[in-house]
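Participant: Structure file target22.txt, compact mmCIF, C-alpha atoms and all ligand atoms, is pasted below:
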# COMPACT_ATOMS: atom_id res chain seq x y z
CA MET C 1 15.12 40.06 10.77
CA ALA C 2 17.89 39.79 8.22
CA PRO C 3 18.03 42.36 5.44
CA PRO C 4 16.31 41.06 2.32
CA THR C 5 18.56 39.19 -0.07
CA GLY C 6 17.83 38.95 -3.76
CA LYS C 7 14.60 39.83 -5.44
CA ARG C 8 11.10 38.74 -4.63
CA VAL C 9 9.65 36.06 -6.87
CA LYS C 10 6.75 37.94 -8.39
CA GLY C 11 3.30 36.46 -8.62
CA VAL C 12 4.23 33.46 -6.52
CA GLN C 13 2.50 32.34 -3.38
CA ILE C 14 3.76 29.31 -1.52
CA PHE C 15 1.92 27.72 1.35
CA ARG C 16 3.10 25.23 3.89
CA PRO C 17 0.64 23.32 6.05
CA PHE C 18 1.17 22.81 9.74
CA VAL C 19 -0.76 21.86 12.87
CA TYR C 20 -0.78 23.62 16.21
CA GLY C 21 -2.66 23.09 19.42
CA THR C 22 -2.75 21.49 22.82
CA THR C 23 -3.09 17.97 24.19
CA ALA C 24 -4.06 17.60 27.85
CA ARG C 25 -4.44 14.62 30.14
CA PRO C 26 -5.77 14.53 33.70
CA PHE C 27 -3.51 13.10 36.36
CA ASP C 28 -4.52 9.57 37.25
CA GLU C 29 -2.81 7.00 39.45
CA LYS C 30 -2.83 4.37 36.76
CA THR C 31 -2.72 6.08 33.40
CA ASN C 32 -1.00 9.38 34.14
CA PRO C 33 0.57 9.45 37.59
CA LYS C 34 1.65 12.82 38.90
CA PRO C 35 5.42 13.10 38.94
CA ALA C 36 7.14 13.97 42.21
CA GLY C 37 7.40 17.65 43.01
CA ILE C 38 4.30 18.74 41.10
CA PRO C 39 2.10 21.01 43.25
CA ASP C 40 -1.02 19.47 44.79
CA ASP C 41 -3.41 21.74 42.96
CA HIS C 42 -2.17 20.68 39.53
CA THR C 43 -4.76 18.44 37.90
CA HIS C 44 -3.43 17.96 34.37
CA SER C 45 -0.33 17.49 32.29
CA TRP C 46 -0.44 19.16 28.92
CA THR C 47 1.55 19.91 25.79
CA VAL C 48 1.36 22.84 23.44
CA PHE C 49 2.92 22.30 20.01
CA ILE C 50 3.45 23.44 16.46
CA LYS C 51 4.46 20.78 14.00
CA GLY C 52 4.25 19.59 10.42
CA ILE C 53 1.51 17.34 9.10
CA ASP C 54 2.42 13.76 9.94
CA ASP C 55 5.42 15.14 11.80
CA VAL C 56 7.11 16.29 8.63
CA ASP C 57 9.95 18.72 9.28
CA ILE C 58 9.03 22.41 9.19
CA THR C 59 12.25 23.86 10.57
CA TYR C 60 13.43 24.69 7.06
CA TRP C 61 10.97 27.60 7.13
CA LEU C 62 10.16 28.03 10.82
CA ARG C 63 13.18 28.75 12.95
CA ARG C 64 11.91 29.27 16.47
CA VAL C 65 8.70 29.77 18.39
CA GLN C 66 8.18 31.86 21.47
CA PHE C 67 5.45 30.45 23.70
CA LYS C 68 3.87 32.83 26.18
CA LEU C 69 2.03 30.93 28.91
CA HIS C 70 -0.05 32.15 31.83
CA GLU C 71 1.82 34.42 34.24
CA SER C 72 1.13 32.01 37.07
CA ILE C 73 3.50 29.53 35.49
CA PRO C 74 7.16 29.89 36.39
CA ASN C 75 9.30 31.13 33.51
CA HIS C 76 6.17 31.74 31.47
CA VAL C 77 7.86 33.11 28.33
CA ARG C 78 9.81 30.38 26.57
CA MET C 79 11.70 30.30 23.34
CA VAL C 80 11.86 26.97 21.57
CA GLU C 81 14.48 26.63 18.85
CA GLY C 82 13.70 24.38 15.90
CA VAL C 83 15.18 20.92 15.96
CA LYS C 84 14.93 19.22 12.60
CA GLY C 85 12.07 16.75 12.43
CA GLN C 86 10.83 17.60 15.94
CA PRO C 87 7.75 19.55 16.91
CA PHE C 88 8.11 22.92 18.59
CA GLN C 89 6.57 22.07 21.92
CA ILE C 90 6.35 22.60 25.64
CA HIS C 91 5.23 20.11 28.26
CA GLU C 92 3.68 21.54 31.41
CA THR C 93 1.36 20.76 34.26
CA GLY C 94 -1.32 22.95 35.83
CA TRP C 95 -4.91 23.38 36.89
CA GLY C 96 -6.43 25.98 34.60
CA GLU C 97 -7.12 26.85 31.00
CA PHE C 98 -5.82 30.02 29.40
CA GLU C 99 -4.83 31.62 26.12
CA ILE C 100 -1.38 30.71 24.85
CA THR C 101 0.47 33.14 22.60
CA MET C 102 2.79 31.66 20.02
CA LYS C 103 5.14 33.92 18.14
CA LEU C 104 6.53 32.32 15.02
CA TYR C 105 10.01 33.35 13.90
CA TYR C 106 10.92 32.35 10.37
CA VAL C 107 14.31 31.39 8.99
CA PRO C 108 16.48 34.47 8.26
CA GLU C 109 16.48 33.83 4.51
CA SER C 110 12.77 34.61 4.50
CA SER C 111 13.17 38.20 5.75
CA GLU C 112 9.67 37.73 7.12
CA LYS C 113 8.55 39.46 10.29
CA PRO C 114 7.45 37.20 13.13
CA GLN C 115 3.78 36.31 13.31
CA THR C 116 1.65 35.67 16.37
CA LEU C 117 -0.94 32.94 16.84
CA TYR C 118 -3.27 32.51 19.79
CA HIS C 119 -4.52 29.23 21.11
CA HIS C 120 -6.74 28.33 24.05
CA LEU C 121 -5.36 25.56 26.20
CA ARG C 122 -8.14 23.01 26.68
CA LEU C 123 -8.02 20.80 29.74
CA HIS C 124 -11.69 19.90 29.83
CA PRO C 125 -13.83 18.50 27.05
CA PHE C 126 -16.55 20.77 25.77
CA GLY C 127 -19.68 20.23 23.72
CA ARG C 128 -23.44 20.74 23.69
CA THR C 129 -24.15 17.28 25.02
CA GLU C 130 -22.47 14.74 27.28
CA GLU C 131 -21.88 12.56 24.21
CA GLU C 132 -20.11 15.36 22.45
CA LYS C 133 -17.94 15.92 25.49
CA GLU C 134 -17.24 12.22 25.77
CA ALA C 135 -16.24 12.11 22.12
CA MET C 136 -13.51 14.59 22.91
CA ARG C 137 -11.87 12.24 25.39
CA LEU C 138 -9.34 10.10 23.61
CA ASN C 139 -6.84 7.48 24.68
CA GLY C 140 -8.03 7.31 28.24
CA GLY C 141 -8.96 10.90 28.87
CA GLU C 142 -6.80 12.92 26.54
CA VAL C 143 -8.35 16.21 25.44
CA ILE C 144 -7.02 17.53 22.20
CA SER C 145 -7.52 20.91 20.64
CA TRP C 146 -5.71 21.04 17.34
CA VAL C 147 -5.94 23.40 14.43
CA TYR C 148 -4.84 22.84 10.87
CA GLU C 149 -3.23 25.93 9.43
CA GLU C 150 -1.45 27.00 6.31
CA GLN C 151 1.43 29.42 6.34
CA ILE C 152 1.35 31.51 3.20
CA PHE C 153 4.52 33.09 1.89
CA ASN C 154 3.61 35.77 -0.60
CA GLU C 155 6.21 36.59 -3.25
CA PRO C 156 9.10 35.13 -1.25
CA TYR C 157 12.67 36.34 -1.76
CA GLU C 158 14.63 34.21 -4.21
CA PRO C 159 16.93 32.43 -1.73
CA PHE C 160 13.96 31.64 0.48
CA TYR C 161 11.93 30.51 -2.52
CA ASP C 162 14.69 28.01 -3.32
CA ILE C 163 14.57 26.71 0.23
CA LEU C 164 10.79 26.45 0.19
CA ILE C 165 10.48 24.59 -3.06
CA SER C 166 13.20 22.12 -2.19
CA GLY C 167 10.76 20.88 0.45
CA ALA C 168 11.00 19.22 3.79
CA LEU C 169 13.38 16.59 4.96
CA PRO C 170 11.89 13.48 6.49
CA PRO C 171 12.21 13.26 10.27
CA SER C 172 14.92 10.64 9.91
CA ALA C 173 17.19 13.38 8.61
CA SER C 174 17.53 14.81 12.08
CA THR C 175 19.57 11.82 13.11
CA LEU C 176 22.01 12.28 10.30
CA LYS C 177 24.98 14.54 10.17
CA ASP C 178 23.78 17.84 9.00
CA GLY C 179 25.36 20.67 10.95
CA SER C 180 22.13 22.39 11.84
CA GLY C 181 19.39 20.97 14.00
CA SER C 182 21.61 20.80 17.00
CA GLY C 183 20.10 23.83 18.65
CA ALA C 184 18.27 22.28 21.55
CA GLY C 185 15.16 24.05 22.71
CA SER C 186 14.77 25.82 25.99
CA GLY C 187 14.96 23.73 29.10
CA ALA C 188 11.24 23.25 29.18
CA ALA C 189 10.96 21.82 25.74
CA THR C 190 12.02 18.25 25.84
CA PRO C 191 10.80 16.67 22.67
CA THR C 192 9.79 13.13 23.39
CA SER C 193 7.83 10.79 21.23
CA ALA C 194 5.78 9.60 24.16
CA ASN C 195 3.45 12.51 24.06
CA THR C 196 3.61 13.37 20.42
CA PRO C 197 0.15 14.67 19.63
CA GLY C 198 0.29 13.08 16.21
CA ALA C 199 0.32 9.71 17.87
CA SER C 200 -3.36 9.77 18.63
CA SER C 201 -6.24 9.65 16.24
CA ASN C 202 -8.04 12.79 15.23
CA LYS C 203 -11.50 11.92 16.45
CA GLY C 204 -12.92 15.07 17.89
CA GLY C 205 -9.90 16.98 16.76
CA ASN C 206 -10.23 20.52 15.59
CA LYS C 207 -13.86 20.60 16.64
CA LYS C 208 -13.82 24.17 17.63
CA GLY C 209 -12.04 25.56 14.61
CA HIS C 210 -12.80 29.09 15.67
CA GLU C 211 -9.25 30.30 15.92
CA ARG C 212 -8.63 30.98 12.29
CA SER C 213 -11.27 31.46 9.71
CA HIS C 214 -9.20 29.90 6.97
CA SER C 215 -8.46 26.65 8.70
CA ARG C 216 -9.31 24.32 5.89
CA ALA C 217 -9.29 20.77 7.08
CA SER C 218 -9.17 18.81 10.21
CA VAL C 219 -5.99 17.34 11.49
CA SER C 220 -5.17 14.20 9.68
CA THR C 221 -3.27 11.38 11.21
CA ASN C 222 -3.05 7.83 9.99
CA LYS C 223 -6.00 5.74 11.07
CA ASP C 224 -3.77 3.47 13.01
CA GLY C 225 -2.25 6.51 14.62
CA LYS C 226 1.21 5.67 13.50
CA ASN C 227 3.91 8.24 13.33
CA TYR C 228 6.10 8.44 10.32
CA GLU C 229 8.63 5.71 10.85
CA PRO C 230 11.89 6.31 9.12
CA LYS C 231 13.35 3.28 7.44
CA GLU C 232 17.03 2.62 7.05
CA GLU C 233 17.97 5.19 4.49
CA PRO C 234 20.98 5.88 2.34
CA PHE C 235 22.80 9.13 2.83
CA VAL C 236 21.10 10.93 0.01
CA ILE C 237 17.80 12.00 1.49
CA GLN C 238 14.90 12.75 -0.75
CA ARG C 239 13.18 15.97 0.08
CA SER C 240 9.47 15.82 -0.23
CA GLU C 241 7.68 17.70 -2.92
CA GLY C 242 5.83 20.70 -1.55
CA GLY C 243 6.91 20.22 2.01
CA VAL C 244 4.58 17.39 2.94
CA LEU C 245 5.43 13.75 2.76
CA GLU C 246 1.81 12.70 2.81
CA ARG C 247 0.23 14.64 0.00
CA SER C 248 -3.32 13.57 0.72
CA ALA C 249 -3.20 15.59 3.91
CA MET C 250 -3.35 18.69 1.76
CA ILE C 251 -6.68 17.95 0.12
CA PRO C 252 -9.85 18.66 2.10
CA LEU C 253 -12.67 16.15 1.83
CA VAL C 254 -15.45 18.44 0.74
CA ASN C 255 -15.91 21.76 -0.98
CA ARG C 256 -16.70 24.98 0.75
CA PRO C 257 -17.47 28.42 -0.62
CA GLY C 258 -14.24 29.85 -1.94
CA GLN C 259 -12.52 26.52 -1.50
CA PRO C 260 -13.33 24.41 -4.53
CA PHE C 261 -10.41 22.00 -4.37
CA SER C 262 -11.27 18.85 -2.52
CA ARG C 263 -11.66 15.11 -2.78
CA GLU C 264 -15.22 15.83 -3.84
CA THR C 265 -14.01 17.86 -6.81
CA GLU C 266 -11.49 15.18 -7.58
CA GLN C 267 -14.23 12.51 -7.64
CA LEU C 268 -16.40 14.68 -9.89
CA GLU C 269 -13.47 15.14 -12.27
CA ILE C 270 -12.81 11.41 -12.32
CA GLN C 271 -16.49 10.77 -13.04
CA LYS C 272 -16.44 13.33 -15.86
CA LEU C 273 -13.38 11.70 -17.36
CA LYS C 274 -15.02 8.28 -17.17
CA GLU C 275 -18.13 9.58 -18.92
CA ALA C 276 -16.02 11.33 -21.54
CA LYS C 277 -14.12 8.12 -22.17
CA LEU C 278 -17.36 6.18 -22.68
CA LYS C 279 -18.52 8.79 -25.16
CA VAL C 280 -15.22 8.68 -27.04
CA ASP C 281 -15.36 4.88 -27.13
CA GLU C 282 -18.88 5.02 -28.53
CA MET C 283 -17.86 7.56 -31.19
CA LYS C 284 -14.89 5.42 -32.09
CA LYS C 285 -17.13 2.40 -32.52
CA GLN C 286 -19.47 4.33 -34.80
CA MET C 287 -16.61 5.62 -36.90
CA MET C 288 -15.15 2.15 -37.23
CA GLU C 289 -18.50 0.86 -38.42
CA GLU C 290 -18.75 3.71 -40.90
CA LEU C 291 -15.24 3.05 -42.08
CA GLU C 292 -16.01 -0.60 -42.55
CA LYS C 293 -19.08 0.25 -44.62
CA LYS C 294 -17.08 2.62 -46.78
CA GLN C 295 -14.37 0.03 -47.15
CA LYS C 296 -16.94 -2.46 -48.41
CA ARG C 297 -18.43 0.07 -50.78
CA LEU C 298 -14.96 0.83 -52.11
CA GLU C 299 -14.31 -2.85 -52.69
CA ALA C 300 -17.60 -3.14 -54.52
CA LEU C 301 -16.87 -0.15 -56.72
CA LYS C 302 -13.43 -1.46 -57.50
CA ALA C 303 -14.87 -4.80 -58.50
CA GLU C 304 -17.46 -3.06 -60.69
CA SER C 305 -14.88 -0.91 -62.44
CA ALA C 306 -12.70 -3.95 -63.02
CA LYS C 307 -15.65 -5.64 -64.70
CA ALA C 308 -16.37 -2.58 -66.85
CA THR C 309 -12.87 -2.41 -68.29
C1 LIG C 401 -8.50 30.29 35.10
N1 LIG C 401 -8.00 32.33 33.96
O1 LIG C 401 -8.90 30.86 36.11
C2 LIG C 401 -7.57 31.04 34.16
C3 LIG C 401 -6.19 31.01 34.72
C4 LIG C 401 -4.16 29.71 35.09
C5 LIG C 401 -3.56 28.39 34.99
C6 LIG C 401 -5.57 29.72 34.55
C7 LIG C 401 -0.74 27.32 37.12
C8 LIG C 401 0.33 26.34 36.88
C9 LIG C 401 1.49 26.52 37.85
C10 LIG C 401 -1.90 27.17 36.19
O2 LIG C 401 -2.37 26.10 35.81
N2 LIG C 401 -2.40 28.31 35.77
O3 LIG C 401 1.27 26.89 38.96
O4 LIG C 401 2.60 26.20 37.37
O5 LIG C 401 -8.87 29.15 34.80
When written as structure tokens, how does the structure in this file appear?
Ligand code: SLL

Facilitator:
Amino acid sequence: MAPPTGKRVKGVQIFRPFVYGTTARPFDEKTNPKPAGIPDDHTHSWTVFIKGIDDVDITYWLRRVQFKLHESIPNHVRMVEGVKGQPFQIHETGWGEFEITMKLYYVPESSEKPQTLYHHLRLHPFGRTEEEKEAMRLNGGEVISWVYEEQIFNEPYEPFYDILISGALPPSASTLKDGSGSGAGSGAATPTSANTPGASSNKGGNKKGHERSHSRASVSTNKDGKNYEPKEEPFVIQRSEGGVLERSAMIPLVNRPGQPFSRETEQLEIQKLKEAKLKVDEMKKQMMEELEKKQKRLEALKAESAKAT
């Protein structure tokens, strides 16, 4: 951890949303053939990841992640360095479920201590009924266990605050000359788009939600499951406001105790504004009528006084 630079920005709390979890797929001749050299007892391929919502870059605040896997897995402690616009992730194969430890290391400007998250690798669907279990199988057998999370930076140091509020770069930025972002992850982490968890829909996603009590919303991916596709862009890259390119991902659908900001609230506000506008329109109409009456009376009085003189 670097020594703190500058002062803390008092009274400021900045949060950055992210998603973490696992995506597993059973080996299958047709849909997921077992690569050569994988032990016979391995039944699944899986990925553990931490990434931004809609794959937005988070490496401007998260520098590296140490994944601690089950001891039965060779080289079970792995450090994955951030690569701009890419998820922090590890692809593996195996036969059993276990608890994965993820230690998050922040950028040095933050002077923040690392933080640890725990996540259970799910290979098998779970649920109270067969239907519930079935609902967890996506895209030909994929089992996802994803959690939406928000990283809160309380009173960040000034230089880090500047970094945070300048927001994320779109994934396309990683392909441009930038100096950083060249730090490839550990051997195990080969970021490919083929198994990007964001590429599947979120049906059944985040069902368990027991990991963190303040997980606020389920994972949101485009309906059509599209990843963010960078267009041809000029060299000046627009950073997103607030670190997410898709702002709607930040607003939960419904209210919960202690969490009053949602689409529901938004709709209520819109309704209130509509009603208020109707009322104002009605008042305006009345006043116009009144004004007209007064205008007429004034005309009449004027005419009368003209007669009198
Ligand atoms: C269980 N308690 O019994 C868990 C342990 C261990 C999973 C699960 C080995 C992979 C490899 C593997 O899948 N370990 O050999 O590389 O379910």

Participant: Could you list the protein, DNA and RNA residues that have any atom within 7 Å of ligand LIG 401 (chain C), counting only C-alpha atoms and all ligand atoms, and write them as a ChimeraX atom specification?

Facilitator: /C:42,70,72-74,93-98

Participant: Around all of stretch 267-276 of chain C's listed atoms, make the axis-aligned box with 6 Å on each side and tell me centre and edge lengths in Å to one decimal, as JSON.

Facilitator:
{"center_x": -15.5, "center_y": 11.7, "center_z": -14.6, "size_x": 17.3, "size_y": 18.9, "size_z": 25.9}

Participant: At what distance in Å, to one decimal, does atom CA of C:Gly21 lie from atom CA of C:Asp57?

Facilitator: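 These atoms are spaced 16.8 Å apart.
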
Participant: So how far away is atom CA of C:Val143 from atom CA of C:Phe27, in Å?

Facilitator: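 Taking atom CA of C:Phe27 and atom CA of C:Val143, their separation equals 12.3 Å.
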
Participant: Between C:Ile90, C:Val19, C:Ala168, C:Val254, single out the one closest to C:Ile58, counting only C-alpha atoms.

Facilitator: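 Closest to C:Ile58, using only C-alpha atoms: C:Ala168.
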